[in-house]
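**Q** Take a look at the following structure, please.
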Amino acid sequence: RSGTIPPLPWPTFAPPLSLAAQKSESSMRGGFGIYGNLYFLLTRPTRGAEYDRIRELVREHASSAVATLPAARIFGKVGDTGTVNMNALVRKAGVHSATVARYLQQNSSTEDMEKPDFGQFVDAATASRAVADLSDTILMPAVSGLLGWAINDCRRLAELDILPTVVRRDIRGYGLKQRYSPTTAIALKEGLISRANHNPTQLLSLRSLRQRIVSGHDDVLRAVFDGRLRNMAYAEHPSILDAVKVDLWEVIRRCAEVILSPRTINTLLGFERLTFLRLLEIGVFTNATPGMTVSVKADEVVTFDCAYMTSARLKREHLLRRGDFDTMMAISDIDPAFPLEEVGQIILCRQDIPALLSSGQKIIRGRAG
């Protein structure tokens with residue numbers, strides 16, 4: 001019952017098989033019809049890999065000594081050439097036999113593979129694909145444990161194809177479970193860590209970012225892993241949302257699907273409370289979600305930032321006093337980009353800012369004199 005059955009010489013084994021086959025009234029049927037209980041016993045799960053050689057001998061005998069149809073089943077179709085025993089396939093794939101059976105059911109179009117049994121022979125091409133797909137693959141809980149991230153986060157990576165699925169499930173919630181490459185999963189995390197080497201103090205966690213943007217969260221997550229975002233920081237945490245930190249400005253410049261709320265836009269561009277709404281009214285911005293709450297696509301914010309700057313932001317970035325700024329505006333004879341009475345705040349064209357700052361140097365020299 002244990003160990004491996006020693007090799008049996010074909011002449012010694014062939015006569016008993018011939019006797020068993022002669023008992024059958026029809027040799028056109030499958031293995032059970034030809035060999036009766038002997039075949040039945042060899043198909044049982046209790047007859048493991050140590051019986052593989054006997055199965056091969058039975059199959060060889062059926063091919064050479066018994067008249068069978070090509071479609072007759074004797075541990076697989078008699079007409080098949082280049083086959084692999086199901087037990088050997090399970091060992092090579094390194095997964096449970098039920099997983100191999102489900103894989104064959106899902107990925108084989110031939111009728112005899114729809115319900116593979118334990119003692120079946122599988123054609124070599126199908127077996128090769130099964131081994132390639134199933135060996136060195138793991139289920140989602142193992143992916144979560146390997147990466148140290150919450151399983152829901154890992155599932156989201158798989159749903160977005162950030163983490164490729166090696167074996168897919170045809171019907172959601174039924175049959176073969178999806179499997180993933182541990183090598184690919186580790187490389188995904190290592191690639192992220194190698195890029196996330198910036199100072200985290202000026203960055204936002206992905207969780208905090210969710211409060212700043214209306215939509216586009218999936219695009220941001222893709223950008224974290226596909227290399228679009230470079231100003232990142234990483235610290236080990238069970239949730240990716242807390243582990244990864246990003247730069248808000250880089251996000252809106254690199255992620256076209258991001259949509260921003262008025263509050264975030266006011267913070268980024270230095271608008272006063274009503275300035276954004278007035279710019280929206282005169283058509284400078286377009287509401288990305290009409291009929292719902294007001295929001296703007298990230299590329300519109302980027303376009304505005306490239307063309308304009310508020311006086312408040314200019315004074316903050318260049319450490320200008322209000323009086324000095326007013327004097328600089330008067331000396332340079334620069335007009336605001338939008339009428340002050342319409343938008344309620346001084347907004348400058350960026351192309352005018354170098355001349356404005358140059359006039360500031362005159363003020364400084366005048367004080368020195």
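We label chains A, B, ... in the order they appear in the structure tokens, count residues from 1 in each chain, and number ligands from 1 in the order shown.
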Determine which residues of region 179-293 of chain A DSSP labels as strand (DSSP E or B) from the backbone of this structure, then write them out as a ChimeraX atom specification.
**A** /A:179-180,197,204-205,213-215,232-234,244-246,259-260
**Q** Since we have the selection now, will you write its residues out, keeping N, CA and C atoms, as a CSV table (one decimal), in the first residue's frame?
**A**
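Just written: selection_37.csv:
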chain,number,residue,atom,x,y,z
A,179,ARG,N,-5.5,33.3,-8.9
A,179,ARG,CA,-4.2,33.1,-8.3
A,179,ARG,C,-3.2,34.1,-8.9
A,180,TYR,N,-2.2,34.4,-8.1
A,180,TYR,CA,-1.2,35.5,-8.4
A,180,TYR,C,0.2,35.0,-8.2
A,197,ASN,N,11.2,57.8,-2.0
A,197,ASN,CA,12.3,58.2,-1.1
A,197,ASN,C,12.4,59.6,-0.8
A,204,LEU,N,1.2,64.3,1.4
A,204,LEU,CA,-0.1,63.8,2.0
A,204,LEU,C,-0.2,62.3,1.8
A,205,SER,N,-0.8,61.6,2.8
A,205,SER,CA,-1.1,60.2,2.7
A,205,SER,C,-2.2,60.0,1.7
A,213,ILE,N,-9.8,65.3,-2.9
A,213,ILE,CA,-10.2,65.2,-4.3
A,213,ILE,C,-11.6,64.5,-4.3
A,214,VAL,N,-12.4,64.9,-5.3
A,214,VAL,CA,-13.8,64.4,-5.5
A,214,VAL,C,-13.8,63.0,-6.1
A,215,SER,N,-13.0,62.8,-7.1
A,215,SER,CA,-12.9,61.5,-7.8
A,215,SER,C,-11.5,61.4,-8.4
A,232,MET,N,7.2,60.8,-3.7
A,232,MET,CA,6.5,59.9,-2.8
A,232,MET,C,7.4,59.6,-1.6
A,233,ALA,N,6.7,59.1,-0.5
A,233,ALA,CA,7.3,58.6,0.6
A,233,ALA,C,6.6,57.3,1.0
A,234,TYR,N,7.3,56.4,1.6
A,234,TYR,CA,6.7,55.1,2.1
A,234,TYR,C,7.1,54.7,3.5
A,244,VAL,N,1.6,55.1,1.9
A,244,VAL,CA,2.1,55.9,0.8
A,244,VAL,C,1.7,57.3,1.0
A,245,LYS,N,2.7,58.2,0.8
A,245,LYS,CA,2.4,59.7,0.8
A,245,LYS,C,2.8,60.2,-0.5
A,246,VAL,N,2.0,61.2,-1.0
A,246,VAL,CA,2.2,61.8,-2.3
A,246,VAL,C,2.2,63.3,-2.3
A,259,ILE,N,-10.6,64.9,-10.1
A,259,ILE,CA,-11.5,66.0,-10.0
A,259,ILE,C,-11.4,66.6,-8.6
A,260,LEU,N,-11.4,68.0,-8.5
A,260,LEU,CA,-11.1,68.7,-7.3
A,260,LEU,C,-12.3,69.4,-6.8
**Q** I want to know what sits within 12 Å of Asp153 (chain A), based on only C-alpha atoms, with residues of the same chain fewer than 3 positions away left out; could you give that as a ChimeraX atom specification?
**A** /A:140-141,143-145,147-150,156-160,162-163,218,221,237-243
**Q** Give me, please, the distance in Å between CA of Thr327 (chain A) and CA of Arg278 (chain A), quoted to one decimal.
**A**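 Interatomic distance here is 26.8 Å.
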**Q** Find, counting only C-alpha atoms, the residue in A:Gln106, A:Leu269, A:Pro339, A:Met292 that gets nearest to Leu176 (chain A).
**A**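 Of A:Gln106, A:Leu269, A:Pro339, A:Met292, the one nearest Leu176 (chain A) is A:Gln106, counting only C-alpha atoms.
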**Q** Please report the interatomic distance between CA of Ala88 (chain A) and CA of Arg102 (chain A) in Å with one decimal.
**A**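 Those two atoms sit 16.1 Å apart.
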**Q** Could you tell me how far CA of Gly191 (chain A) sits from CA of Ala130 (chain A), in Å to one decimal place?
**A**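 That distance, rounded to one decimal, is 28.8 Å.
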